[in-house]
file upload-v6.cif (mmCIF, C-alpha atoms)
data_target
loop_
_atom_site.label_atom_id
_atom_site.label_comp_id
_atom_site.auth_asym_id
_atom_site.auth_seq_id
_atom_site.Cartn_x
_atom_site.Cartn_y
_atom_site.Cartn_z
CA MET A 181 0.00 0.00 0.00
CA ILE A 182 1.69 3.25 -1.09
CA VAL A 183 -0.90 5.52 0.57
CA ALA A 184 -2.15 4.90 4.10
CA ILE A 185 -4.49 6.49 6.62
CA SER A 186 -3.03 7.09 10.07
CA THR A 187 -4.60 8.79 13.07
CA SER A 188 -1.22 9.48 14.73
CA GLY A 189 -1.05 12.89 13.05
CA LEU A 190 -4.43 13.83 14.53
CA LYS A 191 -3.40 12.74 18.03
CA ARG A 192 -0.26 14.86 17.83
CA THR A 193 -2.14 18.01 16.73
CA LYS A 194 -2.92 20.34 19.64
CA TRP A 195 -6.27 22.16 19.99
CA TRP A 196 -4.63 25.54 19.37
CA GLU A 197 -3.15 24.25 16.10
CA TYR A 198 -6.67 23.42 14.87
CA LEU A 199 -7.82 26.85 16.05
CA LEU A 200 -4.90 28.56 14.30
CA ARG A 201 -5.70 26.86 10.99
CA PHE A 202 -9.41 27.66 11.44
CA PHE A 203 -8.72 31.38 11.87
CA LEU A 204 -5.99 31.46 9.22
CA GLY A 205 -8.32 29.85 6.66
CA GLY A 206 -11.11 32.28 7.46
CA PHE A 207 -8.76 35.25 7.43
CA VAL A 208 -7.28 34.42 4.00
CA THR A 209 -10.76 33.79 2.54
CA ALA A 210 -12.05 37.09 3.95
CA VAL A 211 -9.00 39.00 2.66
CA ALA A 212 -9.43 37.44 -0.81
CA GLY A 213 -13.03 38.72 -0.80
CA VAL A 214 -11.98 42.23 0.29
CA ILE A 215 -9.25 42.41 -2.40
CA ALA A 216 -11.72 41.29 -5.11
CA LYS A 217 -14.19 43.95 -3.94
CA LYS A 218 -11.58 46.71 -3.87
CA PHE A 219 -9.50 45.87 -6.95
CA GLY A 220 -11.97 43.87 -9.04
CA PRO A 221 -12.39 40.14 -9.76
CA SER A 222 -9.46 39.95 -12.16
CA PHE A 223 -6.88 40.92 -9.52
CA GLY A 224 -8.80 39.38 -6.62
CA GLY A 225 -8.89 36.00 -8.36
CA LEU A 226 -5.14 35.64 -7.85
CA PHE A 227 -5.73 35.24 -4.12
CA LEU A 228 -7.94 32.17 -4.62
CA ALA A 229 -4.63 30.32 -5.00
CA PHE A 230 -2.89 32.01 -2.08
CA PRO A 231 -0.80 29.50 -0.06
CA ALA A 232 -3.26 29.65 2.83
CA ILE A 233 -2.46 26.49 4.73
CA LEU A 234 0.90 25.56 3.30
CA ALA A 235 2.91 27.77 5.66
CA SER A 236 1.13 26.62 8.81
CA GLY A 237 0.90 23.03 7.50
CA ALA A 238 4.62 22.66 6.77
CA THR A 239 5.53 24.25 10.13
CA MET A 240 3.27 21.83 12.00
CA VAL A 241 4.57 18.85 10.02
CA GLU A 242 8.14 19.84 10.97
CA LYS A 243 7.21 20.22 14.65
CA HIS A 244 5.32 16.91 14.84
CA GLU A 245 8.09 14.96 13.09
CA ARG A 246 10.73 16.53 15.37
CA GLU A 247 8.68 15.58 18.46
CA ARG A 248 8.24 12.04 17.14
CA GLN A 249 11.99 11.63 16.67
CA GLN A 250 12.79 13.20 20.04
CA GLU A 251 10.49 10.69 21.75
CA LYS A 252 12.71 8.00 20.22
CA GLY A 253 15.75 9.71 21.75
CA MET A 254 16.98 11.34 18.54
CA ASN A 255 17.55 15.01 17.79
CA GLY A 256 14.86 15.11 15.11
CA VAL A 257 15.69 18.55 13.69
CA LEU A 258 16.87 17.25 10.31
CA ARG A 259 14.01 14.75 10.00
CA GLY A 260 11.55 17.51 10.84
CA ARG A 261 12.88 19.71 8.05
CA GLN A 262 12.85 16.81 5.61
CA ALA A 263 9.22 16.05 6.48
CA ALA A 264 8.26 19.71 5.93
CA GLY A 265 10.17 19.68 2.62
CA ALA A 266 8.29 16.54 1.54
CA ASP A 267 4.99 18.21 2.50
CA ALA A 268 5.87 21.23 0.33
CA ALA A 269 6.91 18.92 -2.53
CA GLY A 270 3.43 17.39 -2.34
CA ALA A 271 1.91 20.87 -2.51
CA THR A 272 3.96 21.54 -5.65
CA MET A 273 2.26 18.56 -7.29
CA GLY A 274 -1.11 19.63 -5.91
CA SER A 275 -0.63 23.02 -7.57
CA SER A 276 -0.88 21.38 -10.99
CA GLY A 277 -4.28 20.09 -9.93
CA LEU A 278 -5.21 23.59 -8.76
CA MET A 279 -4.41 24.94 -12.24
CA ALA A 280 -6.71 22.29 -13.74
CA PHE A 281 -9.41 23.33 -11.21
CA ALA A 282 -9.15 26.99 -12.23
CA VAL A 283 -9.17 26.25 -15.99
CA CYS A 284 -12.22 24.00 -15.57
CA VAL A 285 -14.20 26.65 -13.62
CA TRP A 286 -13.16 29.45 -16.00
CA LYS A 287 -14.12 27.53 -19.15
CA LEU A 288 -17.32 25.81 -17.98
CA LEU A 289 -18.92 28.10 -15.40
CA LEU A 290 -20.82 30.38 -17.77
CA ALA A 291 -22.48 27.59 -19.76
CA HIS A 292 -23.33 25.09 -17.02
CA ASN A 293 -24.78 24.67 -13.55
CA PRO A 294 -22.27 26.42 -11.23
CA TRP A 295 -22.53 23.84 -8.43
CA LEU A 296 -21.87 20.97 -10.83
CA VAL A 297 -18.92 22.84 -12.35
CA ILE A 298 -17.37 23.65 -8.94
CA GLY A 299 -17.94 20.07 -7.74
CA GLY A 300 -16.53 18.61 -10.94
CA ALA A 301 -13.53 20.93 -10.81
CA THR A 302 -12.79 19.78 -7.24
CA LEU A 303 -12.88 16.18 -8.45
CA LEU A 304 -10.57 17.15 -11.32
CA TRP A 305 -8.17 18.75 -8.79
CA ALA A 306 -8.01 15.45 -6.89
CA VAL A 307 -7.58 13.32 -10.03
CA VAL A 308 -4.83 15.51 -11.56
CA SER A 309 -2.98 15.93 -8.24
CA ILE A 310 -3.04 12.21 -7.46
CA ALA A 311 -2.04 11.31 -11.04
CA VAL A 312 0.96 13.68 -10.93
CA TRP A 313 1.94 12.31 -7.49
CA PHE A 314 1.62 8.72 -8.73
CA LEU A 315 3.78 9.43 -11.80
CA TRP A 316 6.37 11.10 -9.56
CA LYS A 317 6.27 8.19 -7.09
CA ARG A 318 6.77 5.67 -9.87
CA ASN A 319 9.62 7.79 -11.21
CA VAL A 320 8.04 7.66 -14.66
CA LEU A 321 10.15 10.45 -16.20
CA HIS A 322 13.41 8.81 -15.09
CA ARG A 323 12.28 5.43 -16.42
CA LEU A 324 11.32 6.91 -19.79
CA ARG A 325 14.72 8.62 -20.10
CA THR A 326 16.56 5.42 -19.14
CA ALA A 327 14.54 3.36 -21.63
CA LYS A 328 15.29 5.88 -24.39
CA ARG A 329 19.02 5.82 -23.56
CA ASN A 330 19.13 2.01 -23.58
CA LYS A 331 17.52 1.77 -27.03
CA MET B 55 -20.17 34.26 6.51
CA ARG B 56 -17.20 34.23 4.11
CA PHE B 57 -14.82 33.94 7.08
CA PHE B 58 -16.74 31.03 8.61
CA ILE B 59 -17.10 29.03 5.37
CA GLY B 60 -13.41 29.62 4.54
CA SER B 61 -12.38 28.47 8.02
CA LEU B 62 -14.46 25.31 7.76
CA ILE B 63 -13.21 24.30 4.30
CA VAL B 64 -9.53 25.05 5.06
CA SER B 65 -9.82 23.10 8.35
CA ALA B 66 -11.47 20.16 6.56
CA PHE B 67 -8.66 19.89 4.00
CA SER B 68 -6.04 20.23 6.78
CA LEU B 69 -7.73 17.43 8.72
CA ILE B 70 -7.66 15.12 5.67
CA SER B 71 -3.99 16.01 5.18
CA ASP B 72 -3.23 15.06 8.83
CA LEU B 73 -4.75 11.63 8.26
CA LEU B 74 -2.68 10.66 5.21
CA LYS B 75 0.73 9.11 4.70
CA PRO B 76 3.28 9.51 3.15
CA LYS B 77 4.04 13.21 3.64
CA THR B 78 4.36 13.93 -0.09
CA PHE B 79 0.81 12.62 -0.62
CA ALA B 80 -0.58 14.51 2.39
CA GLY B 81 1.14 17.60 1.01
CA LEU B 82 -1.16 17.56 -2.03
CA PHE B 83 -3.81 19.02 0.28
CA GLY B 84 -1.60 22.04 0.95
CA ALA B 85 -2.60 23.08 -2.57
CA ALA B 86 -6.28 22.14 -2.23
CA PRO B 87 -8.80 24.63 -3.65
CA SER B 88 -10.00 25.53 -0.15
CA VAL B 89 -10.10 29.34 -0.45
CA ALA B 90 -11.46 29.00 -4.00
CA LEU B 91 -14.32 26.71 -2.93
CA ALA B 92 -15.37 29.09 -0.17
CA THR B 93 -15.09 32.16 -2.39
CA LEU B 94 -16.45 30.96 -5.74
CA GLY B 95 -19.70 29.59 -4.32
CA LEU B 96 -20.47 32.83 -2.49
CA THR B 97 -19.39 34.90 -5.51
CA VAL B 98 -21.77 33.03 -7.83
CA LEU B 99 -24.64 33.71 -5.42
CA LYS B 100 -23.78 37.36 -4.82
CA ASN B 101 -22.16 38.63 -8.04
CA GLY B 102 -23.13 36.10 -10.68
CA LYS B 103 -21.33 33.56 -12.86
CA GLN B 104 -19.50 36.10 -15.04
CA TYR B 105 -17.76 37.64 -12.00
CA ALA B 106 -16.77 34.19 -10.67
CA ALA B 107 -15.42 33.09 -14.09
CA ILE B 108 -13.14 36.16 -14.20
CA GLU B 109 -11.85 35.26 -10.72
CA ALA B 110 -11.21 31.67 -11.86
CA ARG B 111 -9.25 32.88 -14.90
CA SER B 112 -6.90 34.90 -12.66
CA MET B 113 -6.68 31.98 -10.28
CA ILE B 114 -4.70 30.08 -12.95
CA ILE B 115 -1.91 32.66 -12.54
CA GLY B 116 -2.17 32.38 -8.76
CA ALA B 117 -1.81 28.59 -9.06
CA VAL B 118 1.34 28.97 -11.20
CA ALA B 119 2.77 31.23 -8.48
CA LEU B 120 1.74 28.67 -5.85
CA LEU B 121 3.60 25.93 -7.76
CA LEU B 122 6.77 28.05 -7.80
CA TYR B 123 6.32 28.96 -4.12
CA ALA B 124 5.85 25.34 -3.00
CA ALA B 125 8.77 24.12 -5.16
CA ALA B 126 11.04 26.83 -3.73
CA VAL B 127 9.99 26.04 -0.13
CA SER B 128 10.59 22.33 -0.70
CA TYR B 129 14.01 22.96 -2.30
CA VAL B 130 15.22 25.27 0.49
CA LEU B 131 14.01 22.96 3.29
CA LEU B 132 15.59 19.87 1.73
CA ARG B 133 18.88 21.53 0.72
CA PHE B 134 19.62 24.09 3.44
CA LYS B 135 19.51 24.20 7.24
CA PHE B 136 16.52 26.48 7.77
CA SER B 137 13.36 25.89 9.79
CA ALA B 138 10.00 25.67 8.04
CA LEU B 139 8.38 28.76 9.65
CA PRO B 140 10.84 31.45 8.42
CA VAL B 141 11.20 29.75 5.02
CA THR B 142 7.45 29.50 4.37
CA ILE B 143 6.88 33.10 5.52
CA ILE B 144 9.78 34.71 3.64
CA MET B 145 8.92 32.74 0.50
CA LEU B 146 5.44 34.31 0.56
CA LEU B 147 7.23 37.30 -0.94
CA LEU B 148 7.93 35.08 -3.96
CA TRP B 149 4.21 34.38 -4.38
CA LEU B 150 3.37 38.05 -3.80
CA GLY B 151 5.92 38.99 -6.48
CA VAL B 152 5.18 36.32 -9.07
CA ALA B 153 1.36 36.32 -8.99
CA PRO B 154 0.73 40.09 -9.41
CA GLY B 155 3.78 40.30 -11.73
CA LEU B 156 2.45 37.64 -14.09
CA TRP B 157 -1.05 39.13 -13.84
CA TYR B 158 0.32 42.55 -14.81
CA VAL B 159 2.22 41.08 -17.79
CA MET B 160 -0.88 39.19 -18.97
CA ALA B 161 -3.16 42.20 -18.44
CA SER B 162 -0.94 44.54 -20.40
#
call {"tool": "encode", "arguments": {"input": "upload-v6.cif", "output": "structure tokens"}}
result
Amino acid sequence: MIVAISTSGLKRTKWWEYLLRFFLGGFVTAVAGVIAKKFGPSFGGLFLAFPAILASGATMVEKHERERQQEKGMNGVLRGRQAAGADAAGATMGSSGLMAFAVCVWKLLLAHNPWLVIGGATLLWAVVSIAVWFLWKRNVLHRLRTAKRNK
Amino acid sequence: MRFFIGSLIVSAFSLISDLLKPKTFAGLFGAAPSVALATLGLTVLKNGKQYAAIEARSMIIGAVALLLYAAAVSYVLLRFKFSALPVTIIMLLLWLGVAPGLWYVMAS
């Protein structure tokens, strides 16, 4: 199994970390709305892809991994950074899905039911993101290059 | 209303991310369309589909900037000895430079 569900991350998360993400999410959404109102939808739309939870997410991932390693008697600083780096690498792949989401909404919203379009675009985000992650995990690009070289 | 819906959606995606392994897969949710979902739905109701479609078009540029931001954060954390908090905050300047910069280039 290359993807697994684990509740250990939930147990490690403190109540104030949930609260912080709750307020941060609301704050960024509210600010995006204010910017769109003040500067128009064209400029405001940029902020729909603002890295809202990436900063807090990567910081928490680093902290949790460091704590996990320290419980095992290790320093954990390097492992914490590596875990945060891996989290950000995942977000890089997820960004390609976010582009697909935005293109889908932009192209289909005017002609179709908005709720279906937004729902479908969310599904597309998941499919594209997971597909890119899977290709990366399987090292597809490297394999293609090696196969070409060996021909 | 906007604040509350945004908070709920961002928290939901964060919660899903906490549940998943490995970290690279969980990280996909760091680029989830959480702010977009909260905003676009309300925008359609309040300002109409045309307004929301314009926002979505600009969001493509924002997503390109997000890709660069996340790639830069990942590179710095994996290559250099910096903690995640200062790196992710300082790198926001990259997003704030790239997204409006690209938007300006496209608009003009």
call {"tool": "interface_residues", "arguments": {"input": "upload-v6.cif", "of": "chain A", "to": "chain B", "cutoff": "7 Å", "atoms": "all atoms listed in the file", "output": "VMD selection string"}}
result
chain A and resid 183 to 187 189 to 190 201 to 203 205 to 207 209 to 210 221 to 231 233 to 235 238 to 239 242 261 to 275 278 to 279 282 to 283 285 to 286 289 to 290 309 313
call {"tool": "write_last_selection", "arguments": {"input": "upload-v6.cif", "atoms": "C-alpha atoms", "output": "compact mmCIF listing (two decimals), in the frame of the given file"}}
result
# COMPACT_ATOMS: atom_id res chain seq x y z
CA VAL A 183 -0.90 5.52 0.57
CA ALA A 184 -2.15 4.90 4.10
CA ILE A 185 -4.49 6.49 6.62
CA SER A 186 -3.03 7.09 10.07
CA THR A 187 -4.60 8.79 13.07
CA GLY A 189 -1.05 12.89 13.05
CA LEU A 190 -4.43 13.83 14.53
CA ARG A 201 -5.70 26.86 10.99
CA PHE A 202 -9.41 27.66 11.44
CA PHE A 203 -8.72 31.38 11.87
CA GLY A 205 -8.32 29.85 6.66
CA GLY A 206 -11.11 32.28 7.46
CA PHE A 207 -8.76 35.25 7.43
CA THR A 209 -10.76 33.79 2.54
CA ALA A 210 -12.05 37.09 3.95
CA PRO A 221 -12.39 40.14 -9.76
CA SER A 222 -9.46 39.95 -12.16
CA PHE A 223 -6.88 40.92 -9.52
CA GLY A 224 -8.80 39.38 -6.62
CA GLY A 225 -8.89 36.00 -8.36
CA LEU A 226 -5.14 35.64 -7.85
CA PHE A 227 -5.73 35.24 -4.12
CA LEU A 228 -7.94 32.17 -4.62
CA ALA A 229 -4.63 30.32 -5.00
CA PHE A 230 -2.89 32.01 -2.08
CA PRO A 231 -0.80 29.50 -0.06
CA ILE A 233 -2.46 26.49 4.73
CA LEU A 234 0.90 25.56 3.30
CA ALA A 235 2.91 27.77 5.66
CA ALA A 238 4.62 22.66 6.77
CA THR A 239 5.53 24.25 10.13
CA GLU A 242 8.14 19.84 10.97
CA ARG A 261 12.88 19.71 8.05
CA GLN A 262 12.85 16.81 5.61
CA ALA A 263 9.22 16.05 6.48
CA ALA A 264 8.26 19.71 5.93
CA GLY A 265 10.17 19.68 2.62
CA ALA A 266 8.29 16.54 1.54
CA ASP A 267 4.99 18.21 2.50
CA ALA A 268 5.87 21.23 0.33
CA ALA A 269 6.91 18.92 -2.53
CA GLY A 270 3.43 17.39 -2.34
CA ALA A 271 1.91 20.87 -2.51
CA THR A 272 3.96 21.54 -5.65
CA MET A 273 2.26 18.56 -7.29
CA GLY A 274 -1.11 19.63 -5.91
CA SER A 275 -0.63 23.02 -7.57
CA LEU A 278 -5.21 23.59 -8.76
CA MET A 279 -4.41 24.94 -12.24
CA ALA A 282 -9.15 26.99 -12.23
CA VAL A 283 -9.17 26.25 -15.99
CA VAL A 285 -14.20 26.65 -13.62
CA TRP A 286 -13.16 29.45 -16.00
CA LEU A 289 -18.92 28.10 -15.40
CA LEU A 290 -20.82 30.38 -17.77
CA SER A 309 -2.98 15.93 -8.24
CA TRP A 313 1.94 12.31 -7.49
call {"tool": "atom_distance", "arguments": {"input": "upload-v6.cif", "atom1": "CA of Arg248 (chain A)", "atom2": "CA of Arg192 (chain A)"}}
result
9.0 Å
call {"tool": "atom_distance", "arguments": {"input": "upload-v6.cif", "atom1": "CA of Trp305 (chain A)", "atom2": "CA of Ser276 (chain A)"}}
result
8.1 Å
call {"tool": "atom_distance", "arguments": {"input": "upload-v6.cif", "atom1": "CA of Phe281 (chain A)", "atom2": "CA of Ser236 (chain A)"}}
result
22.9 Å
call {"tool": "closest_residue", "arguments": {"input": "upload-v6.cif", "among": "A:Ala232, A:Asn293, A:Ser188, A:Gly277", "to": "Val208 (chain A)", "atoms": "all atoms listed in the file"}}
result
A:Ala232
call {"tool": "build_atoms", "arguments": {"input": "upload-v6.cif", "residues": "region 55-81 of chain B", "atoms": "N, CA and C atoms", "output": "PDB file, in the coordinates of the input"}}
result
ATOM      1  N   MET B  55     -19.756  35.451   7.273  1.00  0.00           N
ATOM      2  CA  MET B  55     -20.170  34.260   6.510  1.00  0.00           C
ATOM      3  C   MET B  55     -18.997  33.704   5.705  1.00  0.00           C
ATOM      4  N   ARG B  56     -18.353  34.611   4.942  1.00  0.00           N
ATOM      5  CA  ARG B  56     -17.200  34.230   4.110  1.00  0.00           C
ATOM      6  C   ARG B  56     -16.080  33.662   5.009  1.00  0.00           C
ATOM      7  N   PHE B  57     -15.858  34.346   6.126  1.00  0.00           N
ATOM      8  CA  PHE B  57     -14.820  33.940   7.080  1.00  0.00           C
ATOM      9  C   PHE B  57     -15.110  32.529   7.608  1.00  0.00           C
ATOM     10  N   PHE B  58     -16.348  32.296   7.999  1.00  0.00           N
ATOM     11  CA  PHE B  58     -16.740  31.030   8.610  1.00  0.00           C
ATOM     12  C   PHE B  58     -16.643  29.872   7.606  1.00  0.00           C
ATOM     13  N   ILE B  59     -17.147  30.091   6.396  1.00  0.00           N
ATOM     14  CA  ILE B  59     -17.100  29.030   5.370  1.00  0.00           C
ATOM     15  C   ILE B  59     -15.637  28.730   5.007  1.00  0.00           C
ATOM     16  N   GLY B  60     -14.839  29.793   4.846  1.00  0.00           N
ATOM     17  CA  GLY B  60     -13.410  29.620   4.540  1.00  0.00           C
ATOM     18  C   GLY B  60     -12.709  28.827   5.624  1.00  0.00           C
ATOM     19  N   SER B  61     -12.993  29.178   6.884  1.00  0.00           N
ATOM     20  CA  SER B  61     -12.380  28.470   8.020  1.00  0.00           C
ATOM     21  C   SER B  61     -12.726  26.994   7.998  1.00  0.00           C
ATOM     22  N   LEU B  62     -14.006  26.703   7.749  1.00  0.00           N
ATOM     23  CA  LEU B  62     -14.460  25.310   7.760  1.00  0.00           C
ATOM     24  C   LEU B  62     -13.800  24.491   6.647  1.00  0.00           C
ATOM     25  N   ILE B  63     -13.758  25.057   5.431  1.00  0.00           N
ATOM     26  CA  ILE B  63     -13.210  24.300   4.300  1.00  0.00           C
ATOM     27  C   ILE B  63     -11.696  24.108   4.457  1.00  0.00           C
ATOM     28  N   VAL B  64     -10.988  25.165   4.852  1.00  0.00           N
ATOM     29  CA  VAL B  64      -9.530  25.050   5.060  1.00  0.00           C
ATOM     30  C   VAL B  64      -9.245  24.024   6.155  1.00  0.00           C
ATOM     31  N   SER B  65     -10.021  24.058   7.256  1.00  0.00           N
ATOM     32  CA  SER B  65      -9.820  23.100   8.350  1.00  0.00           C
ATOM     33  C   SER B  65     -10.096  21.679   7.886  1.00  0.00           C
ATOM     34  N   ALA B  66     -11.128  21.501   7.053  1.00  0.00           N
ATOM     35  CA  ALA B  66     -11.470  20.160   6.560  1.00  0.00           C
ATOM     36  C   ALA B  66     -10.329  19.570   5.727  1.00  0.00           C
ATOM     37  N   PHE B  67      -9.774  20.373   4.824  1.00  0.00           N
ATOM     38  CA  PHE B  67      -8.660  19.890   4.000  1.00  0.00           C
ATOM     39  C   PHE B  67      -7.414  19.614   4.865  1.00  0.00           C
ATOM     40  N   SER B  68      -7.190  20.434   5.885  1.00  0.00           N
ATOM     41  CA  SER B  68      -6.040  20.230   6.780  1.00  0.00           C
ATOM     42  C   SER B  68      -6.195  18.913   7.545  1.00  0.00           C
ATOM     43  N   LEU B  69      -7.427  18.650   7.964  1.00  0.00           N
ATOM     44  CA  LEU B  69      -7.730  17.430   8.720  1.00  0.00           C
ATOM     45  C   LEU B  69      -7.460  16.189   7.864  1.00  0.00           C
ATOM     46  N   ILE B  70      -7.893  16.243   6.602  1.00  0.00           N
ATOM     47  CA  ILE B  70      -7.660  15.120   5.670  1.00  0.00           C
ATOM     48  C   ILE B  70      -6.148  14.925   5.506  1.00  0.00           C
ATOM     49  N   SER B  71      -5.438  16.054   5.355  1.00  0.00           N
ATOM     50  CA  SER B  71      -3.990  16.010   5.180  1.00  0.00           C
ATOM     51  C   SER B  71      -3.301  15.342   6.383  1.00  0.00           C
ATOM     52  N   ASP B  72      -3.800  15.636   7.601  1.00  0.00           N
ATOM     53  CA  ASP B  72      -3.230  15.060   8.830  1.00  0.00           C
ATOM     54  C   ASP B  72      -3.383  13.541   8.870  1.00  0.00           C
ATOM     55  N   LEU B  73      -4.432  13.052   8.191  1.00  0.00           N
ATOM     56  CA  LEU B  73      -4.750  11.630   8.260  1.00  0.00           C
ATOM     57  C   LEU B  73      -3.930  10.773   7.288  1.00  0.00           C
ATOM     58  N   LEU B  74      -3.300  11.432   6.301  1.00  0.00           N
ATOM     59  CA  LEU B  74      -2.680  10.660   5.210  1.00  0.00           C
ATOM     60  C   LEU B  74      -1.172  10.510   5.330  1.00  0.00           C
ATOM     61  N   LYS B  75      -0.699   9.413   4.800  1.00  0.00           N
ATOM     62  CA  LYS B  75       0.730   9.110   4.700  1.00  0.00           C
ATOM     63  C   LYS B  75       0.999   8.599   3.296  1.00  0.00           C
ATOM     64  N   PRO B  76       2.107   8.788   2.672  1.00  0.00           N
ATOM     65  CA  PRO B  76       3.280   9.510   3.150  1.00  0.00           C
ATOM     66  C   PRO B  76       3.108  11.025   3.081  1.00  0.00           C
ATOM     67  N   LYS B  77       4.121  11.747   3.543  1.00  0.00           N
ATOM     68  CA  LYS B  77       4.040  13.210   3.640  1.00  0.00           C
ATOM     69  C   LYS B  77       3.868  13.874   2.268  1.00  0.00           C
ATOM     70  N   THR B  78       4.491  13.305   1.239  1.00  0.00           N
ATOM     71  CA  THR B  78       4.360  13.930  -0.090  1.00  0.00           C
ATOM     72  C   THR B  78       2.912  13.856  -0.563  1.00  0.00           C
ATOM     73  N   PHE B  79       2.206  12.754  -0.215  1.00  0.00           N
ATOM     74  CA  PHE B  79       0.810  12.620  -0.620  1.00  0.00           C
ATOM     75  C   PHE B  79      -0.077  13.556   0.208  1.00  0.00           C
ATOM     76  N   ALA B  80       0.181  13.602   1.519  1.00  0.00           N
ATOM     77  CA  ALA B  80      -0.580  14.510   2.390  1.00  0.00           C
ATOM     78  C   ALA B  80      -0.386  15.953   1.947  1.00  0.00           C
ATOM     79  N   GLY B  81       0.816  16.247   1.450  1.00  0.00           N
ATOM     80  CA  GLY B  81       1.140  17.600   1.010  1.00  0.00           C
ATOM     81  C   GLY B  81       0.288  18.094  -0.151  1.00  0.00           C
TER      82      GLY B  81
END
